[in-house]
Every structure is written in C-alpha cells, then in structure tokens.
Protein chains: 2
Amino acid sequence: MNLGFIGLGLMGRPMALNLARAGHALRLWARRPESLAPFAGLRSVTVHDSPAAVARASDLVITIVADAPDVRQVTLGPAGIAEGGRAGLTVVDMSTIPPGAAREIGGALAALGIDFLDAPVSGGEKGAIAATLTVMAGGTASAFARAEPVLRCLGRSVTHVGACGAGQVAKACNQIITGVTVAAVAEAFNLARASGVDPARVRQALLGGSAASSILENHGLRMLERDFQPGFKAWMHQKDLRIVMEEAHRLGLLSPTAAAAAQMFNGLVGCGEGESDSVAVLKLLERLSGHDA
Amino acid sequence: MNLGFIGLGLMGRPMALNLARAGHALRLWARRPESLAPFAGLRSVTVHDSPAAVARASDLVITIVADAPDVRQVTLGPAGIAEGGRAGLTVVDMSTIPPGAAREIGGALAALGIDFLDAPVSGGEKGAIAATLTVMAGGTASAFARAEPVLRCLGRSVTHVGACGAGQVAKACNQIITGVTVAAVAEAFNLARASGVDPARVRQALLGGSAASSILENHGLRMLERDFQPGFKAWMHQKDLRIVMEEAHRLGLLSPTAAAAAQMFNGLVGCGEGESDSVAVLKLLERLSGHDA
C-alpha cells in the first residue's frame, strides 16, 4: 500500500520508521527538512513538496502533529491533503485533538469523498519505538477495516471505539485516567516520604492489590529513580487535560479529579518543567510541601 | 498457635473463618453475640467474655474494627487486651486507622512488653472471603516474623513496609490511589457517555495501555454493569480519605487529587449512598451532570 505520513516528530518519526520496516512504500512531507534525515537512503521512501502531493501519491495518509490547528492546516489548508486527495483516499489522524475538531475535519473531508479516521495513541515515545502503542479509533467501519492492518504495525492494542470523534473521546478518557493516576501516585509517595516511610516499599506492597496499575508500576518506578526524562512531556499532558476540561465545560460535566490534575500540570509547566516527563509532578508536590529532594 | 480474634464484622468474619479452616485454635470475643453465630459448632473455637480474657488465652491477637477509638477501646480500654496480655504477646491490628493512632497504641503496648503490628488490608469483603487480601504491615522485624505465617492465611500479598505506623501509611497511600482512580474512571465513563460513546468500548480500548489498572478492570466493569453493591462501602472510603486529609494537614502536604476524591465521597455519603460501593461515585457524577441513568 502507498502510505502517506505527515508529522515526523517525537512520536511520528519512530512510527514512520516502523511502517517502512514493515515493507510499506512511504510518501513523506516535512515542514522542516531535517526531520527527513532518519529516512535518507531508505529505498521505500519518497519525499514530496506538500501534503497535497503526498495525498496524490497515497492510498492512505497518516497525520500525527501537535494540535488541532496543525491538523486543520495539513488536511484542509493551502496545499493540504484535501487539495491532492481523490475520492477513496483514507486519512488517519493520530494526533490528540478535541473530539469536536476531529468531527469537523472528518465532515469536511467526507464531503470530498475522503474517508477520515481519528485514531489517537497512548504509550509515549517508548511505545512508538517498540510498536506497542494503544490506538483508539473513531470513524466508519469501512475506514477502520482499511486502516487496521497499518495500525497493527504501530500498536499492540487497536480498538474501533465508535463513530468519528470516538477515538478522541477515548483518548480524553485515557488522559483523565493516566494524568489523575500519575498525580495520585505522586501524592501517595509524597505522603510516604514525609511520614518517614520508604515509597519503594509502599509501591511494592500496593502492586499486589487493588491499587495496582500500569502507572504505579512504570511511572511509579521512574518517580522512585528520580528519572524525569520524557517519556511523555508534561506540556503535552497539560494540553490533553485542557481538551478534557473544555469538553467538560461544553457538556456540563463535573470532573473534579481531572480538574485537580489539570491544575497540577498547569503548575508544572509554569515552574519550567514542561519539557520534563509528567512524573515530574512529584517534584512539584515536594516543592510545594517543603520536602524538596 | 492460640489466636485471638476481635472484630467479627464484614471483613473480620470471613478472615476468622479462614484462620479456623487453616487449623488455628481461635479465641473470640464479640460485642454483639449474634456475630458469633457463624462460629457455632467449630471445635477449634473458644468464646471469651472480654478482650482481656482473649489476650490471656492467646499467643497472638488480631483486631479488625471500625476506627481508632474502637482499637483503643479493645486494646487499652477497660477489660482490654493490655489488661490480660502478658509480655511476649503479639497484637496485630488490621483496622484502618491514622498512622499516629497506631504509633500511640503500639507505644503503650510496647511499654507493657506487648509487641504491636499495624497491618491494615486492602481487597474488600471479596478479598477477605477468598484470602487474597493485600496486607501492609508496620512494626519490628521480630513481630512481623511471628505474625507473617498467620497473615499469609489471609492475604496473597503480605509486605513488611517499615516501623510501627508504616502499615497505616501504606494503607493511606493505597486509599489515595484507589479512591482517586475510582473517581477518575467514573469521570472518564461520564465523559464518554455524555459524548455519545460507549464506555464499555472505551474501557476495552484503555485496558491495553498505560491507563490499565485493577480499578479500571474490576471497578470499571461494575460501573458498566450498574452493580453498586459493596464490595467496599462508600462511607468506609470516605473515612479512609478523612485520615489521608488529616495526615496531609498535619504534615503540610499538597494533595489535590486526594482532596477532590475526598469531596466526592463526602457528597456520595451526603446523598444517602454511604452503604453503596464506592463505584457509586459514577451515579453522583451523572446526577450532578444532568445525565442520570
């Protein structure tokens, strides 16, 4: 299959490399030429001079960029995918954007006969490199069927959640649970240490019971090792919780623990830790509790 | 070993039955005679007329009662364990109480030569029946060594976390993480449903990734099945988060997601759902968001 891929950032670069390794012909465009360097010399890769040109040469185009304005730009903007794509093209946006933006972009592409799937991912850079991402897809059953074999080259868990926008809703749910749990684990470790109890022993004891989670196991370990390298950057989690809070506002939903976590990530970014992993929320708690390491 | 057991409630009854089945001679006292009914006819069981009498006949006494005043009453009160216990007795309190209360009671018993272990549990009534509880113990290494074989009849995961009080600190950490995660999962499901997306599909998609947890799997399923039977009662989680907030206040710790969850459980109990399982927090969110089932 001729695969277009737009967005060669922290996540997109290893994902595109995994697709090239799986034998797909890749059609690339990049805003910054240096993003293309890791692909130099790969025979299956062709570089194009616009998203429109990528779309013209592809059966399916994947986009993974920072936020909704970027997705709008590469799909519906000048020399965007909509300009080059013929009817029958499938566009899979794997960025994390508001569900409403996904529905709006999907609707505009559908009017041109272009199928759209919102398929955001969870699992961070590590998951992108290891092709163990969690993919949450929204769109028609036929678009999902076309995209699924490609998505399975990128992720271990690929789920068709529902109609257009449902992938972004699932991602928002994911970011509530992960963001809140990261904060809760940090609060627990901060309490343990301030009480003179070893947080590593607490983690070990709790992993055997109903507090057990992927976050306690993996993010919890990184907190104990004081490893604040991303992973998943705090400013990205802040952005994702902004989407959650906007949806909660729009729909009139009470969401107190998500709101508390969103405030924590605001503070974390405000303290200059935006480029750190979201587990740096522990540092913020320690600083604000007078227990700096 | 002659085992005393005091506190034959929702948790204590099945735990004591598991100890009897494991072949231990049980010395019981109960405030209410009807609590003793399930033990009638068991040859290994002897009923005594006070905690002091239980202590006199035992090598190790387990207590599991509602709150700190109850533990104080049966250990240090009139006709309490301290009155009957000789030096060398080990007392294991499996109630969930503030770490400071555990340290105070442990100190008072130590002055009499009685060893004390705080060993609260997680896993609910189901874990008590199946002997799959998580036990978090604080106390001396020698007290833990004496108690460990008995605790292993009750739980699957038994950890010596640290000195006296450390078990209660670990339990407070456990209750932060479980209470906050239950609230976060409920907030996620409430967002999904209000967005027209099936929460069951969201749960399925998320279980494959970094949002995966015992709470999402088990409590999440009960939310989807609208099964609000305890399990673990909302008023008990409210009490445990009160302990957390008191510790956070005493130690000067920022703990925003725990505070948000504590408020949710306050509201849940205020709405008359105190006897429901803590997963009923979903009902509260739905009611307050105008999306009642």
# chains A, B, ... in the order shown; residues from 1 in each chain; ligands from 1
$ interface_residues --of "chain B" --to "chain A" --cutoff "6 Å" --atoms "only C-alpha atoms" --output "VMD selection string"
chain B and resid 134 157 159 161 170 173 to 174 177 to 178 184 187 to 188 201 to 202 205 208 to 214 252 to 257 260 289
$ select_by_dssp --residues "stretch 139-177 of chain B" --states "strand (DSSP E)" --output "MDAnalysis selection string"
chainID B and resid 155:162
$ write_last_selection --atoms "C-alpha atoms" --output "JSON list (two decimals), in the first residue's frame"
[["chain", "number", "residue", "atom", "x", "y", "z"],
["B", 155, "GLY", "CA", -3.73, -12.46, 52.08],
["B", 156, "ARG", "CA", -1.95, -13.11, 48.84],
["B", 157, "SER", "CA", 0.42, -10.17, 49.23],
["B", 158, "VAL", "CA", 1.94, -9.57, 52.68],
["B", 159, "THR", "CA", 4.59, -6.84, 52.93],
["B", 160, "HIS", "CA", 6.60, -5.56, 55.88],
["B", 161, "VAL", "CA", 6.63, -1.87, 54.92],
["B", 162, "GLY", "CA", 8.59, -0.43, 57.85]]
$ closest_residue --among "A:Leu26, A:Leu154, A:Leu36, A:Ala82" --to "A:Arg56" --atoms "only C-alpha atoms"
A:Ala82
$ closest_residue --among "A:Ala101, A:Val91, A:Leu76, A:Ala141" --to "A:Leu117" --atoms "only C-alpha atoms"
A:Val91
$ residues_around --residues "B:Met223" --least-positions-apart "4" --cutoff "8 Å" --atoms "only C-alpha atoms" --output "number ranges by chain"
B: 186, 219, 227-228, 279-280, 282
$ residues_around --residues "A:Val269" --least-positions-apart "5" --cutoff "12 Å" --atoms "only C-alpha atoms" --output "CSV table (one decimal) with N, CA, C and O atoms, in the first residue's frame"
chain,number,residue,atom,x,y,z
A,233,LYS,N,5.9,14.3,27.7
A,233,LYS,CA,6.2,15.5,28.3
A,233,LYS,C,5.0,16.2,29.0
A,233,LYS,O,3.9,16.1,28.6
A,234,ALA,N,5.3,16.9,30.1
A,234,ALA,CA,4.3,17.5,30.9
A,234,ALA,C,3.4,18.5,30.1
A,234,ALA,O,2.2,18.5,30.3
A,235,TRP,N,4.1,19.2,29.2
A,235,TRP,CA,3.2,20.2,28.5
A,235,TRP,C,2.2,19.5,27.6
A,235,TRP,O,1.2,20.1,27.3
A,236,MET,N,2.6,18.3,27.1
A,236,MET,CA,1.6,17.5,26.3
A,236,MET,C,0.4,17.0,27.1
A,236,MET,O,-0.7,17.1,26.7
A,237,HIS,N,0.7,16.6,28.3
A,237,HIS,CA,-0.3,16.1,29.2
A,237,HIS,C,-1.2,17.3,29.6
A,237,HIS,O,-2.4,17.2,29.7
A,238,GLN,N,-0.5,18.5,29.8
A,238,GLN,CA,-1.3,19.7,30.1
A,238,GLN,C,-2.3,20.0,29.0
A,238,GLN,O,-3.4,20.3,29.2
A,239,LYS,N,-1.8,19.9,27.8
A,239,LYS,CA,-2.6,20.2,26.6
A,239,LYS,C,-3.8,19.2,26.5
A,239,LYS,O,-4.9,19.6,26.3
A,262,ALA,N,-5.4,18.7,36.1
A,262,ALA,CA,-5.1,19.7,35.1
A,262,ALA,C,-4.4,20.9,35.8
A,262,ALA,O,-3.4,21.5,35.2
A,263,GLN,N,-4.8,21.3,37.0
A,263,GLN,CA,-4.2,22.4,37.7
A,263,GLN,C,-2.7,22.0,38.1
A,263,GLN,O,-1.8,22.9,38.0
A,264,MET,N,-2.5,20.8,38.5
A,264,MET,CA,-1.1,20.3,38.8
A,264,MET,C,-0.2,20.5,37.5
A,264,MET,O,0.9,20.9,37.6
A,274,GLY,N,7.9,21.9,31.8
A,274,GLY,CA,7.1,21.5,30.7
A,274,GLY,C,7.7,20.4,29.9
A,274,GLY,O,7.1,19.6,29.3
A,275,GLU,N,9.1,20.5,29.7
A,275,GLU,CA,9.8,19.5,28.9
A,275,GLU,C,10.1,18.2,29.7
A,275,GLU,O,10.6,17.3,29.1
A,276,SER,N,9.9,18.2,31.0
A,276,SER,CA,10.1,17.0,31.8
A,276,SER,C,9.0,16.0,31.5
A,276,SER,O,7.9,16.4,31.0
A,277,ASP,N,9.2,14.8,31.9
A,277,ASP,CA,8.1,13.8,31.9
A,277,ASP,C,7.0,14.2,32.9
A,277,ASP,O,7.3,14.9,33.9
A,278,SER,N,5.8,13.8,32.7
A,278,SER,CA,4.7,14.1,33.6
A,278,SER,C,4.9,13.6,35.0
A,278,SER,O,4.3,14.1,35.9
A,280,ALA,N,7.3,14.3,36.7
A,280,ALA,CA,7.9,15.4,37.5
A,280,ALA,C,6.8,16.1,38.4
A,280,ALA,O,7.2,16.9,39.2
A,281,VAL,N,5.6,15.7,38.3
A,281,VAL,CA,4.5,16.2,39.2
A,281,VAL,C,4.9,16.0,40.6
A,281,VAL,O,4.6,16.7,41.5
A,283,LYS,N,8.0,16.3,41.8
A,283,LYS,CA,8.9,17.4,42.2
A,283,LYS,C,8.0,18.6,42.7
A,283,LYS,O,8.4,19.3,43.6
A,284,LEU,N,7.0,18.8,41.9
A,284,LEU,CA,6.1,20.0,42.2
A,284,LEU,C,5.5,19.8,43.6
A,284,LEU,O,5.5,20.7,44.4
$ residues_around --residues "B:Ser35" --least-positions-apart "6" --cutoff "9 Å" --atoms "only C-alpha atoms" --output "PyMOL selection string"
chain B and resi 7-9+13
$ closest_residue --among "B:Phe39, B:Trp29, B:Phe265, B:Phe232" --to "B:Phe5" --atoms "only C-alpha atoms"
B:Trp29
$ select_by_dssp --residues "stretch 27-246 of chain A" --states "helix (DSSP H, G or I)" --output "ChimeraX atom specification"
/A:33-39,51-56,68-76,81-84,99-110,124-130,141-151,166-194,199-206,214-224,234-246
$ residues_around --residues "B:Ile114" --least-positions-apart "3" --cutoff "7 Å" --atoms "only C-alpha atoms" --output "list in words"
Ala87, Gly88, Leu89, Thr90, Leu109 and Ala110 of chain B
$ write_last_selection --atoms "C-alpha atoms" --output "PDB file, in the first residue's frame"
ATOM      1  CA  ALA B  87       4.783  -9.821  77.976  1.00  0.00           C
ATOM      2  CA  GLY B  88       5.577 -11.661  74.740  1.00  0.00           C
ATOM      3  CA  LEU B  89       2.057 -11.381  73.368  1.00  0.00           C
ATOM      4  CA  THR B  90       1.812 -10.037  69.804  1.00  0.00           C
ATOM      5  CA  LEU B 109       1.532  -1.789  74.411  1.00  0.00           C
ATOM      6  CA  ALA B 110       5.338  -1.870  73.985  1.00  0.00           C
TER       7      ALA B 110
END
$ closest_residue --among "A:Gly85, A:Pro78, A:Pro51, A:Pro230" --to "A:Ile6" --atoms "only C-alpha atoms"
A:Pro51
